[in-house]
$ cat protein.tsv   # TSV, C-alpha atoms
chain	number	residue	atom	x	y	z
A	1	MET	CA	-14.03	2.61	21.76
A	2	ASP	CA	-10.25	3.03	21.50
A	3	VAL	CA	-7.98	1.82	18.70
A	4	LEU	CA	-4.52	0.27	18.82
A	5	VAL	CA	-2.51	1.09	15.70
A	6	VAL	CA	0.49	-1.19	15.38
A	7	GLY	CA	2.95	0.64	13.17
A	8	ALA	CA	3.41	4.39	13.47
A	9	GLY	CA	4.56	5.01	9.92
A	10	GLU	CA	2.80	6.82	7.10
A	11	MET	CA	-0.22	4.53	6.79
A	12	GLY	CA	-0.62	4.09	10.54
A	13	ARG	CA	-0.76	7.85	10.94
A	14	TRP	CA	-3.17	8.17	8.03
A	15	PHE	CA	-5.55	5.62	9.58
A	16	ALA	CA	-5.36	7.27	12.99
A	17	ALA	CA	-6.14	10.69	11.53
A	18	ALA	CA	-9.08	9.32	9.53
A	19	VAL	CA	-10.91	7.59	12.39
A	20	THR	CA	-12.67	9.27	15.29
A	21	PRO	CA	-11.84	7.10	18.36
A	22	ASP	CA	-8.83	7.69	20.58
A	23	VAL	CA	-5.70	5.97	19.25
A	24	ALA	CA	-2.80	4.23	20.95
A	25	PHE	CA	0.30	3.83	18.77
A	26	ALA	CA	2.70	0.92	19.19
A	27	ASP	CA	5.85	0.59	17.14
A	28	ALA	CA	9.14	-1.27	17.15
A	29	ASP	CA	10.65	2.22	17.45
A	30	PRO	CA	9.10	3.74	20.61
A	31	ALA	CA	10.21	7.23	19.57
A	32	ARG	CA	8.23	6.93	16.37
A	33	ALA	CA	5.14	5.90	18.32
A	34	GLU	CA	5.59	8.93	20.59
A	35	ALA	CA	5.99	11.23	17.59
A	36	ALA	CA	2.85	9.86	15.94
A	37	ALA	CA	0.88	10.30	19.16
A	38	ASP	CA	2.09	13.87	19.54
A	39	ALA	CA	1.19	14.65	15.93
A	40	LEU	CA	-2.34	13.30	16.42
A	41	GLY	CA	-2.93	15.52	19.44
A	42	PRO	CA	-5.22	14.85	22.40
A	43	ARG	CA	-6.63	11.67	20.85
A	44	GLY	CA	-3.23	10.02	20.62
A	45	ARG	CA	-0.95	8.21	23.02
A	46	ALA	CA	1.94	5.78	22.74
A	47	VAL	CA	2.07	2.32	24.30
A	48	PRO	CA	4.79	-0.37	24.31
A	49	LEU	CA	4.74	-2.82	21.45
A	50	ASP	CA	4.34	-5.66	23.94
A	51	THR	CA	1.46	-4.03	25.81
A	52	THR	CA	-1.00	-6.46	27.35
A	53	ASP	CA	-3.85	-3.93	27.28
A	54	SER	CA	-6.92	-4.65	25.18
A	55	PHE	CA	-8.56	-2.29	22.72
A	56	GLY	CA	-11.84	-2.10	20.88
A	57	ILE	CA	-10.13	-2.26	17.49
A	58	VAL	CA	-6.62	-3.31	16.52
A	59	CYS	CA	-5.26	-1.96	13.22
A	60	LEU	CA	-2.10	-3.44	11.72
A	61	ALA	CA	-0.17	-0.82	9.74
A	62	VAL	CA	3.07	-2.73	9.29
A	63	PRO	CA	5.12	-3.73	6.22
A	64	MET	CA	3.57	-6.51	4.15
A	65	ARG	CA	6.47	-8.85	4.82
A	66	VAL	CA	5.64	-8.98	8.56
A	67	ALA	CA	1.85	-8.54	8.38
A	68	SER	CA	0.85	-12.12	9.18
A	69	GLU	CA	3.31	-12.34	12.06
A	70	ALA	CA	2.15	-9.01	13.50
A	71	ILE	CA	-1.49	-10.06	13.26
A	72	ALA	CA	-0.71	-13.27	15.15
A	73	ASP	CA	1.04	-11.22	17.84
A	74	HIS	CA	-1.53	-8.46	18.29
A	75	ALA	CA	-4.97	-9.60	17.11
A	76	GLY	CA	-5.71	-11.08	20.53
A	77	LYS	CA	-5.70	-7.57	21.98
A	78	ALA	CA	-8.86	-6.70	20.03
A	79	GLN	CA	-12.21	-6.76	21.81
A	80	GLN	CA	-14.34	-6.24	18.69
A	81	ALA	CA	-12.41	-5.97	15.46
A	82	VAL	CA	-9.08	-6.48	13.71
A	83	VAL	CA	-8.26	-4.52	10.55
A	84	ASP	CA	-5.16	-3.84	8.50
A	85	VAL	CA	-3.80	-1.28	6.06
A	86	THR	CA	-0.75	-3.25	4.98
A	87	GLY	CA	-1.39	-3.28	1.21
A	88	SER	CA	-2.18	-6.92	0.53
A	89	MET	CA	-5.43	-8.63	1.53
A	90	ARG	CA	-5.56	-12.42	1.25
A	91	ALA	CA	-2.68	-13.19	3.61
A	92	PRO	CA	-3.71	-10.66	6.30
A	93	LEU	CA	-7.33	-11.83	6.26
A	94	ASP	CA	-6.22	-15.44	6.57
A	95	ALA	CA	-4.00	-14.49	9.52
A	96	MET	CA	-6.90	-12.62	11.14
A	97	ALA	CA	-9.19	-15.63	10.75
A	98	ALA	CA	-6.60	-17.82	12.46
A	99	ALA	CA	-5.78	-15.39	15.28
A	100	ALA	CA	-9.17	-13.76	15.93
A	101	PRO	CA	-11.96	-15.88	14.40
A	102	ALA	CA	-14.64	-14.38	16.67
A	103	ARG	CA	-13.79	-10.76	15.84
A	104	GLU	CA	-14.82	-8.51	12.98
A	105	ARG	CA	-12.16	-8.68	10.29
A	106	VAL	CA	-11.64	-6.20	7.46
A	107	SER	CA	-8.71	-5.29	5.23
A	108	PHE	CA	-8.38	-1.69	4.03
A	109	HIS	CA	-5.89	-0.60	1.36
A	110	PRO	CA	-5.51	3.13	0.68
A	111	LEU	CA	-4.52	3.35	-2.98
A	112	PHE	CA	-2.37	6.41	-2.37
A	113	GLY	CA	0.42	7.72	-0.19
A	114	GLY	CA	-0.34	9.62	2.97
A	115	ASP	CA	0.61	12.90	1.29
A	116	ALA	CA	-2.00	12.31	-1.44
A	117	ALA	CA	-5.01	11.67	0.81
A	118	PRO	CA	-7.94	11.55	0.43
A	119	GLY	CA	-8.43	9.04	-2.35
A	120	THR	CA	-9.73	5.59	-3.14
A	121	VAL	CA	-9.59	2.94	-0.42
A	122	ALA	CA	-10.05	-0.72	-1.36
A	123	VAL	CA	-11.98	-2.73	1.24
A	124	SER	CA	-12.32	-6.48	1.70
A	125	THR	CA	-14.64	-7.64	4.47
A	126	ALA	CA	-14.30	-11.12	5.91
A	127	ALA	CA	-16.54	-10.49	8.93
A	128	GLY	CA	-18.23	-7.11	9.28
A	129	GLY	CA	-20.09	-5.55	12.17
A	130	PRO	CA	-20.72	-2.31	14.06
A	131	ALA	CA	-17.08	-1.57	14.86
A	132	THR	CA	-15.83	-1.90	11.29
A	133	ASP	CA	-18.94	-0.17	9.96
A	134	GLY	CA	-17.92	2.79	12.10
A	135	ILE	CA	-14.41	2.71	10.66
A	136	ARG	CA	-15.86	2.69	7.14
A	137	ARG	CA	-18.02	5.73	7.95
A	138	ASP	CA	-15.04	7.58	9.38
A	139	ILE	CA	-12.86	6.88	6.35
A	140	GLU	CA	-15.65	8.03	4.01
A	141	ALA	CA	-16.25	11.13	6.12
A	142	ALA	CA	-12.57	11.99	5.68
A	143	GLY	CA	-13.26	12.35	1.94
A	144	ASN	CA	-12.24	8.92	0.71
A	145	ASP	CA	-14.09	6.69	-1.76
A	146	LEU	CA	-14.48	3.09	-0.58
A	147	VAL	CA	-14.43	0.29	-3.14
A	148	ASP	CA	-15.43	-3.18	-1.95
A	149	VAL	CA	-13.42	-5.97	-3.54
A	150	ALA	CA	-12.69	-9.65	-3.03
A	151	PRO	CA	-9.19	-10.18	-1.61
A	152	GLU	CA	-8.10	-12.35	-4.53
A	153	VAL	CA	-9.27	-9.73	-7.04
A	154	HIS	CA	-7.41	-7.03	-5.14
A	155	ASP	CA	-4.16	-8.94	-4.86
A	156	ASP	CA	-4.26	-9.98	-8.51
A	157	ALA	CA	-4.86	-6.37	-9.59
A	158	MET	CA	-1.96	-5.16	-7.43
A	159	ARG	CA	0.42	-7.27	-9.51
A	160	THR	CA	-0.16	-4.70	-12.29
A	161	VAL	CA	-1.24	-1.60	-10.35
A	162	GLN	CA	1.78	-1.74	-8.07
A	163	GLY	CA	4.19	-4.54	-8.95
A	164	ARG	CA	4.46	-4.09	-12.72
A	165	THR	CA	3.92	-0.32	-12.64
A	166	HIS	CA	6.61	0.42	-10.08
A	167	ALA	CA	9.02	-2.02	-11.73
A	168	ALA	CA	8.57	-0.32	-15.10
A	169	ILE	CA	9.11	3.14	-13.62
A	170	LEU	CA	12.19	2.09	-11.67
A	171	ALA	CA	13.56	0.34	-14.75
A	172	PHE	CA	13.19	3.59	-16.71
A	173	ALA	CA	14.94	5.53	-13.93
A	174	LEU	CA	17.81	3.02	-13.84
A	175	ALA	CA	18.16	3.05	-17.62
A	176	ALA	CA	18.15	6.85	-17.73
A	177	ALA	CA	20.71	7.02	-14.93
A	178	ASP	CA	22.97	4.45	-16.61
A	179	ALA	CA	22.91	6.52	-19.77
A	180	ASP	CA	24.70	9.26	-17.79
A	181	ASP	CA	23.47	11.79	-20.30
A	182	ASP	CA	21.65	14.95	-19.24
A	183	VAL	CA	18.62	15.78	-21.34
A	184	PRO	CA	18.42	19.49	-22.20
A	185	ASP	CA	15.10	21.05	-21.22
A	186	GLU	CA	14.37	22.10	-24.78
A	187	LEU	CA	14.63	18.47	-25.94
A	188	ARG	CA	12.21	16.95	-23.46
A	189	THR	CA	9.05	15.47	-24.95
A	190	PRO	CA	5.65	15.29	-23.18
A	191	VAL	CA	6.01	11.51	-22.74
A	192	TYR	CA	9.50	11.88	-21.28
A	193	GLU	CA	8.34	14.65	-18.92
A	194	ARG	CA	5.51	12.54	-17.56
A	195	LEU	CA	7.63	9.46	-17.09
A	196	ALA	CA	10.43	11.46	-15.46
A	197	ALA	CA	7.89	12.97	-13.05
A	198	LEU	CA	6.61	9.50	-12.15
A	199	ALA	CA	10.17	8.30	-11.62
A	200	GLU	CA	10.86	11.23	-9.32
A	201	ARG	CA	7.75	10.41	-7.28
A	202	VAL	CA	8.75	6.77	-6.89
A	203	LEU	CA	12.37	7.63	-6.11
A	204	ASN	CA	11.20	9.98	-3.36
A	205	GLY	CA	9.46	7.03	-1.69
A	206	THR	CA	10.85	4.48	0.74
A	207	PRO	CA	12.92	1.78	-1.00
A	208	ARG	CA	11.88	-0.89	1.52
A	209	VAL	CA	8.20	-0.30	0.64
A	210	TYR	CA	8.85	-0.92	-3.05
A	211	ALA	CA	10.95	-3.96	-2.20
A	212	ASP	CA	8.02	-5.36	-0.20
A	213	ILE	CA	5.68	-4.72	-3.14
A	214	GLN	CA	7.97	-6.72	-5.44
A	215	ALA	CA	8.33	-9.50	-2.89
A	216	THR	CA	4.55	-9.72	-2.47
A	217	PHE	CA	3.20	-9.05	-5.96
A	218	ASP	CA	6.27	-9.49	-8.17
A	219	GLY	CA	5.95	-7.60	-11.47
A	220	ALA	CA	9.62	-7.00	-12.22
A	221	ARG	CA	9.97	-10.37	-13.97
A	222	ASP	CA	7.00	-9.57	-16.21
A	223	VAL	CA	8.44	-6.15	-17.08
A	224	ALA	CA	11.84	-7.71	-17.78
A	225	ALA	CA	10.26	-10.31	-20.07
A	226	ALA	CA	8.33	-7.60	-21.91
A	227	ALA	CA	11.47	-5.48	-22.30
A	228	GLU	CA	13.37	-8.50	-23.62
A	229	ARG	CA	10.62	-9.17	-26.14
A	230	LEU	CA	10.73	-5.53	-27.17
A	231	ALA	CA	14.49	-5.66	-27.61
A	232	ASP	CA	14.34	-8.86	-29.68
A	233	THR	CA	11.48	-7.83	-31.97
A	234	ASP	CA	12.30	-6.88	-35.54
A	235	PRO	CA	11.24	-3.29	-36.29
A	236	ASP	CA	9.01	-4.58	-39.08
A	237	GLU	CA	7.05	-6.61	-36.49
A	238	TYR	CA	6.16	-3.73	-34.17
A	239	ASP	CA	2.55	-3.81	-35.31
A	240	ALA	CA	2.12	-7.09	-33.43
A	241	LEU	CA	3.66	-5.58	-30.28
A	242	TYR	CA	1.26	-2.66	-30.42
A	243	ASP	CA	-1.70	-4.95	-31.02
A	244	ASP	CA	-0.80	-7.02	-27.95
A	245	ALA	CA	-0.26	-3.90	-25.82
A	246	ARG	CA	-3.66	-2.51	-26.80
A	247	LYS	CA	-5.57	-5.64	-25.70

$ encode --input "protein.tsv" --output "structure tokens"
Amino acid sequence: MDVLVVGAGEMGRWFAAAVTPDVAFADADPARAEAAADALGPRGRAVPLDTTDSFGIVCLAVPMRVASEAIADHAGKAQQAVVDVTGSMRAPLDAMAAAAPARERVSFHPLFGGDAAPGTVAVSTAAGGPATDGIRRDIEAAGNDLVDVAPEVHDDAMRTVQGRTHAAILAFALAAADADDDVPDELRTPVYERLAALAERVLNGTPRVYADIQATFDGARDVAAAAERLADTDPDEYDALYDDARK
């Protein structure tokens, strides 16, 4: 059974490397599809984005902002299953149900970047079967831990795990940059060191990915509201802030 991976970026390559079937890459940038196929080796090949071929499994590895559209365009090429690794779950699964109601349909979300694999992979199954069971076994065999979750639970959790977390880290990085004040090494505290390291990790990522996370899960507004509350709170009332933060 062969697999079509639509999207030859980091997550598309991760998925292709984790599964055992042969993989065809399709991407809006044909050169990127060719590069991904070459990196995969004998199991990989590149096909045009508008290919009319059919495949056992179709995996959507595209940005969240275009996931539903891409599923509508490519799910019909699947003979057995449609899956995605886009990062959200409810919207992709709804799009799969509309475009391929007779196919197996599963959403996978690796909770890590490709350079940090293996790790935890969230899984939401709308319609399972032998093809997606095989994908699950492959991902587990690659050293990952699978966690089954309802799509609504996943997407709600991502508001904090990704949306609020990334917003808070980027806000720190922006505030530190605006200060335009180098911090001598001997004055760095353990908390500062850890937060600076997290900021460096986020800043080394792809800005469009973080923009998509904010557009999908928000989080920045909540962080801004919390920062405003912090700024407006009288120092004598910090106990209440800490009590609320510890809940």

$ residues_around --input "protein.tsv" --residues "Val47 (chain A)" --least-positions-apart "4" --cutoff "12 Å" --atoms "all atoms listed in the file" --output "list of chain:residue names"
A:Val3, A:Leu4, A:Val5, A:Val6, A:Gly7, A:Ala8, A:Val23, A:Ala24, A:Phe25, A:Ala26, A:Asp27, A:Ala28, A:Asp29, A:Pro30, A:Ala31, A:Arg32, A:Ala33, A:Glu34, A:Ala35, A:Ala36, A:Ala37, A:Thr51, A:Thr52, A:Asp53, A:Ser54, A:Phe55

$ residues_near_point --input "protein.tsv" --point "(6.8, 4.3, -10.1)" --cutoff "7 Å" --atoms "only C-alpha atoms" --output "list in words"
Thr165, His166, Ala167, Ile169, Leu170, Leu198, Ala199, Arg201 and Val202 of chain A

$ atom_distance --input "protein.tsv" --atom1 "CA of Ala117 (chain A)" --atom2 "CA of Asn144 (chain A)"
7.7 Å

$ residues_around --input "protein.tsv" --residues "region 17-22 of chain A" --least-positions-apart "6" --cutoff "8 Å" --atoms "all atoms listed in the file" --output "PyMOL selection string"
chain A and resi 1-3+40+43-44+135+138-139+142

$ residues_around --input "protein.tsv" --residues "region 224-241 of chain A" --least-positions-apart "3" --cutoff "10 Å" --atoms "all atoms listed in the file" --output "VMD selection string"
chain A and resid 164 167 to 168 171 219 to 221 244 to 246

$ residues_around --input "protein.tsv" --residues "Ala122 (chain A)" --least-positions-apart "5" --cutoff "9 Å" --atoms "only C-alpha atoms" --output "PyMOL selection string"
chain A and resi 107-111+145-149+154

$ atom_distance --input "protein.tsv" --atom1 "CA of Met89 (chain A)" --atom2 "CA of Pro151 (chain A)"
5.1 Å

$ closest_residue --input "protein.tsv" --among "A:Val161, A:Ala196, A:Leu60, A:Val191" --to "Ala173 (chain A)" --atoms "all atoms listed in the file"
A:Ala196

$ closest_residue --input "protein.tsv" --among "A:Arg159, A:Gly76, A:Ala46, A:Val62" --to "Pro92 (chain A)" --atoms "all atoms listed in the file"
A:Val62

$ residues_around --input "protein.tsv" --residues "Ala81 (chain A)" --least-positions-apart "6" --cutoff "7 Å" --atoms "only C-alpha atoms" --output "list in words"
Gly56, Ile57, Val58, Arg103, Glu104, Arg105, Ala131 and Thr132 of chain A

$ atom_distance --input "protein.tsv" --atom1 "CA of Asp222 (chain A)" --atom2 "CA of Met158 (chain A)"
13.3 Å

$ closest_residue --input "protein.tsv" --among "A:Ala61, A:Val82, A:Ala100, A:Val66" --to "Asp212 (chain A)" --atoms "only C-alpha atoms"
A:Val66

$ axis_aligned_box --input "protein.tsv" --around "region 163-180 of chain A" --padding-each-side "4 Å" --output "JSON"
{"center_x": 14.3, "center_y": 2.4, "center_z": -14.4, "size_x": 28.8, "size_y": 21.8, "size_z": 18.8}

$ closest_residue --input "protein.tsv" --among "A:Asp156, A:Gly12, A:Arg188, A:Gln162" --to "Tyr210 (chain A)" --atoms "all atoms listed in the file"
A:Gln162

$ closest_residue --input "protein.tsv" --among "A:Gly163, A:Leu187, A:Tyr192, A:Ala99" --to "Val223 (chain A)" --atoms "all atoms listed in the file"
A:Gly163

$ decode --input "protein.tsv" --residues "region 18-32 of chain A" --atoms "all heavy atoms" --output "PDB file, in the first residue's frame"
ATOM      1  N   ALA A  18       8.458   7.839   9.285  1.00  0.00           N
ATOM      2  CA  ALA A  18       7.953   6.978  10.355  1.00  0.00           C
ATOM      3  C   ALA A  18       7.186   5.768   9.832  1.00  0.00           C
ATOM      4  O   ALA A  18       7.134   4.733  10.501  1.00  0.00           O
ATOM      5  CB  ALA A  18       7.058   7.786  11.298  1.00  0.00           C
ATOM      6  N   VAL A  19       6.564   5.884   8.658  1.00  0.00           N
ATOM      7  CA  VAL A  19       5.740   4.789   8.146  1.00  0.00           C
ATOM      8  C   VAL A  19       6.566   3.895   7.231  1.00  0.00           C
ATOM      9  O   VAL A  19       7.628   4.279   6.746  1.00  0.00           O
ATOM     10  CB  VAL A  19       4.496   5.323   7.403  1.00  0.00           C
ATOM     11  CG1 VAL A  19       3.657   6.179   8.343  1.00  0.00           C
ATOM     12  CG2 VAL A  19       4.884   6.117   6.163  1.00  0.00           C
ATOM     13  N   THR A  20       6.061   2.687   6.994  1.00  0.00           N
ATOM     14  CA  THR A  20       6.823   1.719   6.206  1.00  0.00           C
ATOM     15  C   THR A  20       6.470   1.651   4.724  1.00  0.00           C
ATOM     16  O   THR A  20       7.301   1.220   3.925  1.00  0.00           O
ATOM     17  CB  THR A  20       6.674   0.305   6.811  1.00  0.00           C
ATOM     18  OG1 THR A  20       5.281  -0.016   6.915  1.00  0.00           O
ATOM     19  CG2 THR A  20       7.315   0.241   8.186  1.00  0.00           C
ATOM     20  N   PRO A  21       5.261   2.054   4.287  1.00  0.00           N
ATOM     21  CA  PRO A  21       4.957   1.956   2.849  1.00  0.00           C
ATOM     22  C   PRO A  21       5.782   2.934   2.015  1.00  0.00           C
ATOM     23  O   PRO A  21       6.402   3.870   2.534  1.00  0.00           O
ATOM     24  CB  PRO A  21       3.462   2.317   2.778  1.00  0.00           C
ATOM     25  CG  PRO A  21       2.943   2.145   4.166  1.00  0.00           C
ATOM     26  CD  PRO A  21       4.084   2.485   5.063  1.00  0.00           C
ATOM     27  N   ASP A  22       5.786   2.725   0.704  1.00  0.00           N
ATOM     28  CA  ASP A  22       6.374   3.687  -0.212  1.00  0.00           C
ATOM     29  C   ASP A  22       5.573   4.980  -0.154  1.00  0.00           C
ATOM     30  O   ASP A  22       4.358   4.973   0.083  1.00  0.00           O
ATOM     31  CB  ASP A  22       6.369   3.150  -1.643  1.00  0.00           C
ATOM     32  CG  ASP A  22       7.352   1.992  -1.832  1.00  0.00           C
ATOM     33  OD1 ASP A  22       8.228   1.805  -0.959  1.00  0.00           O
ATOM     34  OD2 ASP A  22       7.249   1.289  -2.847  1.00  0.00           O
ATOM     35  N   VAL A  23       6.271   6.105  -0.383  1.00  0.00           N
ATOM     36  CA  VAL A  23       5.645   7.422  -0.214  1.00  0.00           C
ATOM     37  C   VAL A  23       5.836   8.257  -1.469  1.00  0.00           C
ATOM     38  O   VAL A  23       6.942   8.348  -2.008  1.00  0.00           O
ATOM     39  CB  VAL A  23       6.254   8.167   0.994  1.00  0.00           C
ATOM     40  CG1 VAL A  23       5.708   9.597   1.079  1.00  0.00           C
ATOM     41  CG2 VAL A  23       5.961   7.414   2.288  1.00  0.00           C
ATOM     42  N   ALA A  24       4.750   8.874  -1.906  1.00  0.00           N
ATOM     43  CA  ALA A  24       4.804   9.877  -2.971  1.00  0.00           C
ATOM     44  C   ALA A  24       4.570  11.237  -2.337  1.00  0.00           C
ATOM     45  O   ALA A  24       3.596  11.427  -1.600  1.00  0.00           O
ATOM     46  CB  ALA A  24       3.748   9.594  -4.029  1.00  0.00           C
ATOM     47  N   PHE A  25       5.467  12.185  -2.573  1.00  0.00           N
ATOM     48  CA  PHE A  25       5.327  13.537  -2.047  1.00  0.00           C
ATOM     49  C   PHE A  25       4.724  14.450  -3.102  1.00  0.00           C
ATOM     50  O   PHE A  25       5.143  14.423  -4.273  1.00  0.00           O
ATOM     51  CB  PHE A  25       6.688  14.113  -1.648  1.00  0.00           C
ATOM     52  CG  PHE A  25       7.280  13.526  -0.397  1.00  0.00           C
ATOM     53  CD1 PHE A  25       8.229  12.516  -0.482  1.00  0.00           C
ATOM     54  CD2 PHE A  25       6.916  13.994   0.853  1.00  0.00           C
ATOM     55  CE1 PHE A  25       8.799  11.976   0.664  1.00  0.00           C
ATOM     56  CE2 PHE A  25       7.490  13.457   2.008  1.00  0.00           C
ATOM     57  CZ  PHE A  25       8.425  12.448   1.908  1.00  0.00           C
ATOM     58  N   ALA A  26       3.775  15.264  -2.693  1.00  0.00           N
ATOM     59  CA  ALA A  26       3.234  16.315  -3.552  1.00  0.00           C
ATOM     60  C   ALA A  26       3.282  17.620  -2.781  1.00  0.00           C
ATOM     61  O   ALA A  26       2.960  17.658  -1.586  1.00  0.00           O
ATOM     62  CB  ALA A  26       1.800  15.994  -3.966  1.00  0.00           C
ATOM     63  N   ASP A  27       3.696  18.686  -3.446  1.00  0.00           N
ATOM     64  CA  ASP A  27       3.851  19.958  -2.755  1.00  0.00           C
ATOM     65  C   ASP A  27       3.636  21.092  -3.744  1.00  0.00           C
ATOM     66  O   ASP A  27       3.878  20.933  -4.949  1.00  0.00           O
ATOM     67  CB  ASP A  27       5.251  20.055  -2.143  1.00  0.00           C
ATOM     68  CG  ASP A  27       5.369  21.157  -1.103  1.00  0.00           C
ATOM     69  OD1 ASP A  27       5.544  22.324  -1.505  1.00  0.00           O
ATOM     70  OD2 ASP A  27       5.276  20.857   0.100  1.00  0.00           O
ATOM     71  N   ALA A  28       3.177  22.233  -3.225  1.00  0.00           N
ATOM     72  CA  ALA A  28       3.019  23.401  -4.088  1.00  0.00           C
ATOM     73  C   ALA A  28       4.350  23.815  -4.698  1.00  0.00           C
ATOM     74  O   ALA A  28       4.387  24.446  -5.762  1.00  0.00           O
ATOM     75  CB  ALA A  28       2.416  24.553  -3.289  1.00  0.00           C
ATOM     76  N   ASP A  29       5.446  23.458  -4.033  1.00  0.00           N
ATOM     77  CA  ASP A  29       6.796  23.687  -4.553  1.00  0.00           C
ATOM     78  C   ASP A  29       7.345  22.340  -5.020  1.00  0.00           C
ATOM     79  O   ASP A  29       7.790  21.527  -4.197  1.00  0.00           O
ATOM     80  CB  ASP A  29       7.681  24.275  -3.461  1.00  0.00           C
ATOM     81  CG  ASP A  29       9.103  24.549  -3.929  1.00  0.00           C
ATOM     82  OD1 ASP A  29       9.442  24.176  -5.072  1.00  0.00           O
ATOM     83  OD2 ASP A  29       9.878  25.127  -3.147  1.00  0.00           O
ATOM     84  N   PRO A  30       7.315  22.058  -6.325  1.00  0.00           N
ATOM     85  CA  PRO A  30       7.775  20.750  -6.817  1.00  0.00           C
ATOM     86  C   PRO A  30       9.206  20.413  -6.402  1.00  0.00           C
ATOM     87  O   PRO A  30       9.514  19.241  -6.145  1.00  0.00           O
ATOM     88  CB  PRO A  30       7.658  20.882  -8.337  1.00  0.00           C
ATOM     89  CG  PRO A  30       6.618  21.943  -8.552  1.00  0.00           C
ATOM     90  CD  PRO A  30       6.820  22.911  -7.424  1.00  0.00           C
ATOM     91  N   ALA A  31      10.057  21.432  -6.294  1.00  0.00           N
ATOM     92  CA  ALA A  31      11.443  21.172  -5.898  1.00  0.00           C
ATOM     93  C   ALA A  31      11.513  20.642  -4.472  1.00  0.00           C
ATOM     94  O   ALA A  31      12.362  19.792  -4.154  1.00  0.00           O
ATOM     95  CB  ALA A  31      12.277  22.450  -6.029  1.00  0.00           C
ATOM     96  N   ARG A  32      10.627  21.121  -3.621  1.00  0.00           N
ATOM     97  CA  ARG A  32      10.608  20.633  -2.248  1.00  0.00           C
ATOM     98  C   ARG A  32      10.132  19.185  -2.195  1.00  0.00           C
ATOM     99  O   ARG A  32      10.635  18.379  -1.413  1.00  0.00           O
ATOM    100  CB  ARG A  32       9.726  21.521  -1.364  1.00  0.00           C
ATOM    101  CG  ARG A  32       9.813  21.175   0.106  1.00  0.00           C
ATOM    102  CD  ARG A  32       9.378  22.289   1.013  1.00  0.00           C
ATOM    103  NE  ARG A  32       7.941  22.521   0.957  1.00  0.00           N
ATOM    104  CZ  ARG A  32       7.282  23.194   1.906  1.00  0.00           C
ATOM    105  NH1 ARG A  32       7.930  23.692   2.951  1.00  0.00           N
ATOM    106  NH2 ARG A  32       5.988  23.394   1.793  1.00  0.00           N
TER     107      ARG A  32
END
